[in-house]
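Notes follow the structure.
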Amino acid sequence: MGSVKQPCSIAIIGAGIGGIALAIGLLKQDVECTIYEAATKFDAVGAGIGLGPNALKAMELMDEKFAKLYDEIKVGNTSPERVHEQIEILGAEEGFGITDGWKGGSVGHPKFTRSSAHRKALLEVMKSLIPEGTVKFNKRVLSVDQSSERHVLLKFEDGESVSVDAVVGCDGIKGVSRRWVLEQRFPEEVPAKYCNEYVYRGMTSMENAKNIIGTYAEDARWFMKDSAGWAMYPISGGTEVNIVAFIQDEQPWKGEQAVREVTREDMELEFEGFDHRLRGLLQVSSRHCCKCD
Ligand SMILES: Cc1cc2nc3c(=O)[nH]c(=O)nc-3n(C[C@H](O)[C@H](O)[C@H](O)COP(=O)(O)OP(=O)(O)OC[C@H]3O[C@@H](n4cnc5c(N)ncnc54)[C@H](O)[C@@H]3O)c2cc1C
């Protein structure tokens with residue numbers, strides 16, 4: 001007599017890249033799941049995302065359709081000789097180090113093809129691969145109780161609860177599931193830690209960027225300096241450039257662990273000693289300057 005397949009209920013906490021990717025993979029294997037998300041709607045924080053070989057391989061394994069749709073939104077390096085290059089490394093000081101004899105370093109592999117995308121575009125692709133209703137919004141998980149042998153009980157802020165067979169925490173670095181996983185053995189690891197580095201993120205049009213920094217804007221580049229770095233790469237079909245500048249910080253993070261707005265003047269002070277073309281890009285990049293840990 002054939003056995004009757006019992007449905008298995010899986011709850012995913014968090015509808016970020018991790019949670020949605022997991023749902024895509026599970027649904028492809030015909031495993032039903034529900035994502036519980038604290039926010040009221042989908043949100044993509046930040047502008048660009050560059051995907052490494054591990055992420056590209058995972059995408060293909062999860063669902064070939066995912067990889068195909070990503071192909072439609074991705075953008076690579078413009079220079080044909082840099083197609084397989086993850087990033088070219090230059091100096092951030094005036095002259096990019098080239099004037100001091102540095103010829104530039106390169107990270108890449110012939111089997112890897114560089115690609116990046118706008119986070120919003122990636123989110124749209126990922127959303128399209130999960131049926132409507134998979135994500136329940138406004139569902140902040142307050143507790144996970146695994147005291148029953150067969151089920152896990154999730155309690156939400158709105159007073160509701162669900163009992164499921166398995167829970168996967170994809171609620172990010174500040175999420176609650178860290179506590180249930182780490183509290184017993186590594187309690188000191190429960191709160192997210194400041195890594196003594198913060199970033200400024202911005203975006204500008206390729207046209208603006210090329211007017212300021214020329215063809216350097218067309219490929220992924222990393223400008224390095226003592227205790228600071230500047231990464232930039234094309235996104236949005238090559239019409240925009242994503243900028244992430246990293247600053248090392250000896251001081252502890254003060255106040256709330258959240259994105260912090262700073263004035264343009266304060267931000268510009270941080271980039272003294274950078275090549276004038278990079279500082280020029282600060283003038284044309286998106287209006288909001290943020291420090292985030
Ligand atoms: C500046 C910067 C640049 C980066 N660039 C790259 C890059 O180029 N390439 C790359 O691969 N990675 C990059 N990363 C890393 C990448 O963005 C993250 O690893 C990734 O977004 C993490 O996704 P996640 O789904 O795990 O978590 P998150 O995106 O943090 O999502 C967690 C979700 O869980 C929800 N949530 C939290 N708590 C609860 C709760 N109690 N109940 C219900 N829902 C909850 C949140 O609302 C959120 O939607 C970058 C990160 C930063 C900061």
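Every chain in the structure tokens takes a letter, A first, then B, and so on in the order presented; its residues are numbered from 1, and the ligands are numbered from 1 following the presented order.
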
Inset, instruction - From segment 29-143 of chain A, collect each residue whose DSSP state is alpha helix (DSSP H) and return the set as a PyMOL selection string. - result: chain A and resi 53-62+64-73+119-128

Inset, instruction - List the neighbours of Gly105 of chain A out to 10 Å using only C-alpha atoms; skip same-chain residues closer than 4 positions along the sequence, and give me the result as number ranges by chain. - result: A: 87-91, 222

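Between atom CA of Ala228 of chain A and atom CA of Gly273 of chain A lies a distance of 10.7 Å.
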
Determine, for each residue of chain A having at least one atom at most 9 Å from an atom of ligand 1, the closest pair of atoms and their separation in Å to one decimal, counting only C-alpha atoms and all ligand atoms; order by chain and ascending number, as JSON lines.
{"residue": "A:Ile12", "atom": "CA", "partner": "ligand 1", "partner_atom_place_in_ligand_line": "43 (C)", "distance": 8.6}
{"residue": "A:Ile13", "atom": "CA", "partner": "ligand 1", "partner_atom_place_in_ligand_line": "43 (C)", "distance": 5.1}
{"residue": "A:Gly14", "atom": "CA", "partner": "ligand 1", "partner_atom_place_in_ligand_line": "34 (O)", "distance": 3.2}
{"residue": "A:Ala15", "atom": "CA", "partner": "ligand 1", "partner_atom_place_in_ligand_line": "49 (O)", "distance": 4.7}
{"residue": "A:Gly16", "atom": "CA", "partner": "ligand 1", "partner_atom_place_in_ligand_line": "25 (O)", "distance": 3.4}
{"residue": "A:Ile17", "atom": "CA", "partner": "ligand 1", "partner_atom_place_in_ligand_line": "25 (O)", "distance": 3.9}
{"residue": "A:Gly18", "atom": "CA", "partner": "ligand 1", "partner_atom_place_in_ligand_line": "25 (O)", "distance": 3.4}
{"residue": "A:Gly19", "atom": "CA", "partner": "ligand 1", "partner_atom_place_in_ligand_line": "25 (O)", "distance": 5.3}
{"residue": "A:Ile20", "atom": "CA", "partner": "ligand 1", "partner_atom_place_in_ligand_line": "25 (O)", "distance": 7.4}
{"residue": "A:Ala21", "atom": "CA", "partner": "ligand 1", "partner_atom_place_in_ligand_line": "25 (O)", "distance": 8.2}
{"residue": "A:Ile35", "atom": "CA", "partner": "ligand 1", "partner_atom_place_in_ligand_line": "43 (C)", "distance": 8.4}
{"residue": "A:Tyr36", "atom": "CA", "partner": "ligand 1", "partner_atom_place_in_ligand_line": "43 (C)", "distance": 5.4}
{"residue": "A:Glu37", "atom": "CA", "partner": "ligand 1", "partner_atom_place_in_ligand_line": "44 (N)", "distance": 3.8}
{"residue": "A:Ala38", "atom": "CA", "partner": "ligand 1", "partner_atom_place_in_ligand_line": "44 (N)", "distance": 3.9}
{"residue": "A:Ala39", "atom": "CA", "partner": "ligand 1", "partner_atom_place_in_ligand_line": "47 (O)", "distance": 5.1}
{"residue": "A:Thr40", "atom": "CA", "partner": "ligand 1", "partner_atom_place_in_ligand_line": "47 (O)", "distance": 8.8}
{"residue": "A:Lys41", "atom": "CA", "partner": "ligand 1", "partner_atom_place_in_ligand_line": "49 (O)", "distance": 8.8}
{"residue": "A:Phe42", "atom": "CA", "partner": "ligand 1", "partner_atom_place_in_ligand_line": "49 (O)", "distance": 7.2}
{"residue": "A:Asp43", "atom": "CA", "partner": "ligand 1", "partner_atom_place_in_ligand_line": "49 (O)", "distance": 7.0}
{"residue": "A:Ala44", "atom": "CA", "partner": "ligand 1", "partner_atom_place_in_ligand_line": "29 (O)", "distance": 7.8}
{"residue": "A:Val45", "atom": "CA", "partner": "ligand 1", "partner_atom_place_in_ligand_line": "29 (O)", "distance": 7.6}
{"residue": "A:Gly46", "atom": "CA", "partner": "ligand 1", "partner_atom_place_in_ligand_line": "1 (C)", "distance": 7.2}
{"residue": "A:Ala47", "atom": "CA", "partner": "ligand 1", "partner_atom_place_in_ligand_line": "3 (C)", "distance": 8.7}
{"residue": "A:Gly48", "atom": "CA", "partner": "ligand 1", "partner_atom_place_in_ligand_line": "8 (O)", "distance": 6.5}
{"residue": "A:Ile49", "atom": "CA", "partner": "ligand 1", "partner_atom_place_in_ligand_line": "8 (O)", "distance": 3.8}
{"residue": "A:Gly50", "atom": "CA", "partner": "ligand 1", "partner_atom_place_in_ligand_line": "8 (O)", "distance": 3.8}
{"residue": "A:Leu51", "atom": "CA", "partner": "ligand 1", "partner_atom_place_in_ligand_line": "11 (O)", "distance": 5.1}
{"residue": "A:Gly52", "atom": "CA", "partner": "ligand 1", "partner_atom_place_in_ligand_line": "11 (O)", "distance": 6.6}
{"residue": "A:Ala55", "atom": "CA", "partner": "ligand 1", "partner_atom_place_in_ligand_line": "11 (O)", "distance": 7.0}
{"residue": "A:Ser116", "atom": "CA", "partner": "ligand 1", "partner_atom_place_in_ligand_line": "8 (O)", "distance": 7.5}
{"residue": "A:Ala117", "atom": "CA", "partner": "ligand 1", "partner_atom_place_in_ligand_line": "8 (O)", "distance": 9.0}
{"residue": "A:Arg119", "atom": "CA", "partner": "ligand 1", "partner_atom_place_in_ligand_line": "17 (O)", "distance": 8.9}
{"residue": "A:Phe137", "atom": "CA", "partner": "ligand 1", "partner_atom_place_in_ligand_line": "43 (C)", "distance": 8.3}
{"residue": "A:Asn138", "atom": "CA", "partner": "ligand 1", "partner_atom_place_in_ligand_line": "43 (C)", "distance": 7.9}
{"residue": "A:Lys139", "atom": "CA", "partner": "ligand 1", "partner_atom_place_in_ligand_line": "43 (C)", "distance": 5.7}
{"residue": "A:Arg140", "atom": "CA", "partner": "ligand 1", "partner_atom_place_in_ligand_line": "42 (N)", "distance": 3.6}
{"residue": "A:Val141", "atom": "CA", "partner": "ligand 1", "partner_atom_place_in_ligand_line": "42 (N)", "distance": 3.9}
{"residue": "A:Leu142", "atom": "CA", "partner": "ligand 1", "partner_atom_place_in_ligand_line": "41 (N)", "distance": 5.8}
{"residue": "A:Ser143", "atom": "CA", "partner": "ligand 1", "partner_atom_place_in_ligand_line": "41 (N)", "distance": 8.1}
{"residue": "A:Phe156", "atom": "CA", "partner": "ligand 1", "partner_atom_place_in_ligand_line": "42 (N)", "distance": 7.7}
{"residue": "A:Glu157", "atom": "CA", "partner": "ligand 1", "partner_atom_place_in_ligand_line": "42 (N)", "distance": 8.6}
{"residue": "A:Gly169", "atom": "CA", "partner": "ligand 1", "partner_atom_place_in_ligand_line": "34 (O)", "distance": 8.3}
{"residue": "A:Cys170", "atom": "CA", "partner": "ligand 1", "partner_atom_place_in_ligand_line": "26 (O)", "distance": 5.3}
{"residue": "A:Asp171", "atom": "CA", "partner": "ligand 1", "partner_atom_place_in_ligand_line": "34 (O)", "distance": 3.3}
{"residue": "A:Gly172", "atom": "CA", "partner": "ligand 1", "partner_atom_place_in_ligand_line": "27 (O)", "distance": 3.6}
{"residue": "A:Ile173", "atom": "CA", "partner": "ligand 1", "partner_atom_place_in_ligand_line": "30 (O)", "distance": 6.0}
{"residue": "A:Lys174", "atom": "CA", "partner": "ligand 1", "partner_atom_place_in_ligand_line": "37 (C)", "distance": 6.7}
{"residue": "A:Gly175", "atom": "CA", "partner": "ligand 1", "partner_atom_place_in_ligand_line": "38 (N)", "distance": 4.2}
{"residue": "A:Val176", "atom": "CA", "partner": "ligand 1", "partner_atom_place_in_ligand_line": "41 (N)", "distance": 5.2}
{"residue": "A:Ser177", "atom": "CA", "partner": "ligand 1", "partner_atom_place_in_ligand_line": "41 (N)", "distance": 7.5}
{"residue": "A:Tyr198", "atom": "CA", "partner": "ligand 1", "partner_atom_place_in_ligand_line": "1 (C)", "distance": 8.2}
{"residue": "A:Val199", "atom": "CA", "partner": "ligand 1", "partner_atom_place_in_ligand_line": "1 (C)", "distance": 6.0}
{"residue": "A:Tyr200", "atom": "CA", "partner": "ligand 1", "partner_atom_place_in_ligand_line": "1 (C)", "distance": 7.6}
{"residue": "A:Arg201", "atom": "CA", "partner": "ligand 1", "partner_atom_place_in_ligand_line": "1 (C)", "distance": 6.7}
{"residue": "A:Val244", "atom": "CA", "partner": "ligand 1", "partner_atom_place_in_ligand_line": "1 (C)", "distance": 6.4}
{"residue": "A:Ala245", "atom": "CA", "partner": "ligand 1", "partner_atom_place_in_ligand_line": "1 (C)", "distance": 8.4}
{"residue": "A:Phe246", "atom": "CA", "partner": "ligand 1", "partner_atom_place_in_ligand_line": "1 (C)", "distance": 8.4}
{"residue": "A:Cys292", "atom": "CA", "partner": "ligand 1", "partner_atom_place_in_ligand_line": "53 (C)", "distance": 7.2}
{"residue": "A:Asp293", "atom": "CA", "partner": "ligand 1", "partner_atom_place_in_ligand_line": "53 (C)", "distance": 7.1}

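Distance annotation: of A:Asp165, A:Asp266, A:Glu250, A:Glu124, the residue with the minimal separation from Glu32 of chain A is A:Asp165; atom set is only C-alpha atoms.
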
Inset, instruction - May I ask for the distance between atom CA of Ser286 of chain A and atom CA of Phe223 of chain A, given in Å to one decimal place? - result: 19.6 Å

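Nearest residue to Glu272 of chain A among A:Glu93, A:Leu27, A:Asn196, A:Ile235 is A:Glu93, counting only C-alpha atoms.
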
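Between Arg277 of chain A and the residues A:Trp253, A:Phe186, A:Trp102, A:Phe96, the shortest atom-to-atom distance, using only C-alpha atoms, involves A:Phe96.
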
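Near Lys65 of chain A, within 12 Å and counting only C-alpha atoms, sit Ile24, Gly25, Lys28, Met59, Asp71, Glu72, Val125, Met126, Ser128, Leu129 and Ile130 of chain A, not including residues fewer than 6 positions from it in the same chain.
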
Can those selected residues be exported to a file as a PDB file, in the first residue's frame so that it contains N, CA and C atoms?
ATOM      1  N   ILE A  24      12.223  30.416  -3.009  1.00  0.00           N
ATOM      2  CA  ILE A  24      12.307  30.027  -4.433  1.00  0.00           C
ATOM      3  C   ILE A  24      12.820  28.582  -4.535  1.00  0.00           C
ATOM      4  N   GLY A  25      13.872  28.300  -3.772  1.00  0.00           N
ATOM      5  CA  GLY A  25      14.465  26.954  -3.812  1.00  0.00           C
ATOM      6  C   GLY A  25      13.506  25.888  -3.304  1.00  0.00           C
ATOM      7  N   LYS A  28      10.542  25.318  -5.753  1.00  0.00           N
ATOM      8  CA  LYS A  28      11.008  24.573  -6.930  1.00  0.00           C
ATOM      9  C   LYS A  28      11.018  23.071  -6.635  1.00  0.00           C
ATOM     10  N   MET A  59      22.068  30.406  -7.498  1.00  0.00           N
ATOM     11  CA  MET A  59      20.883  30.839  -8.239  1.00  0.00           C
ATOM     12  C   MET A  59      20.463  29.782  -9.267  1.00  0.00           C
ATOM     13  N   ASP A  71      19.815  37.039 -15.707  1.00  0.00           N
ATOM     14  CA  ASP A  71      20.580  37.382 -16.923  1.00  0.00           C
ATOM     15  C   ASP A  71      19.987  38.603 -17.626  1.00  0.00           C
ATOM     16  N   GLU A  72      18.666  38.752 -17.530  1.00  0.00           N
ATOM     17  CA  GLU A  72      18.011  39.868 -18.224  1.00  0.00           C
ATOM     18  C   GLU A  72      18.243  41.215 -17.535  1.00  0.00           C
ATOM     19  N   VAL A 125      12.712  40.391  -9.794  1.00  0.00           N
ATOM     20  CA  VAL A 125      12.912  39.050 -10.347  1.00  0.00           C
ATOM     21  C   VAL A 125      12.540  38.003  -9.298  1.00  0.00           C
ATOM     22  N   MET A 126      13.039  38.200  -8.082  1.00  0.00           N
ATOM     23  CA  MET A 126      12.809  37.200  -7.037  1.00  0.00           C
ATOM     24  C   MET A 126      11.328  37.119  -6.662  1.00  0.00           C
ATOM     25  N   SER A 128       8.882  37.675  -8.585  1.00  0.00           N
ATOM     26  CA  SER A 128       8.113  37.045  -9.667  1.00  0.00           C
ATOM     27  C   SER A 128       8.168  35.517  -9.578  1.00  0.00           C
ATOM     28  N   LEU A 129       9.099  34.988  -8.793  1.00  0.00           N
ATOM     29  CA  LEU A 129       9.257  33.536  -8.726  1.00  0.00           C
ATOM     30  C   LEU A 129       8.538  32.895  -7.539  1.00  0.00           C
ATOM     31  N   ILE A 130       7.876  33.726  -6.730  1.00  0.00           N
ATOM     32  CA  ILE A 130       7.096  33.133  -5.625  1.00  0.00           C
ATOM     33  C   ILE A 130       5.624  33.546  -5.775  1.00  0.00           C
TER      34      ILE A 130
END

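Distance-wise, atom CA of Tyr216 of chain A and atom CA of Phe271 of chain A end up 18.4 Å apart.
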
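Among the candidate residues A:Ile73, A:Val162, A:Met232, A:Met224, the one lying nearest to Ser285 of chain A is A:Met232, with distances computed using only C-alpha atoms.
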
Need the shell around Val83 of chain A: protein/DNA/RNA residues with any atom at most 7 Å away, counting only C-alpha atoms. Skip same-chain ones fewer than 5 positions apart. Format as a compact mmCIF listing (two decimals) with N, CA and C atoms, in the first residue's frame?
# COMPACT_ATOMS: atom_id res chain seq x y z
N GLY A 76 27.43 43.73 -16.84
CA GLY A 76 28.82 43.35 -16.55
C GLY A 76 29.75 44.52 -16.79
N ASN A 77 31.02 44.22 -16.86
CA ASN A 77 32.00 45.23 -17.21
C ASN A 77 31.86 45.57 -18.69
N THR A 113 32.08 35.34 -14.93
CA THR A 113 31.70 36.54 -15.68
C THR A 113 31.13 37.54 -14.70
N ARG A 114 31.78 38.67 -14.62
CA ARG A 114 31.37 39.74 -13.67
C ARG A 114 29.93 40.18 -13.93

Legend entry - DSSP strand (DSSP E or B) residues within segment 50-238 of chain A, listed as a PyMOL selection string: chain A and resi 50+75+85-91+105-108+116-118+135-136+141-145+152-156+161-164+166-169+197-205+221-225+228-235
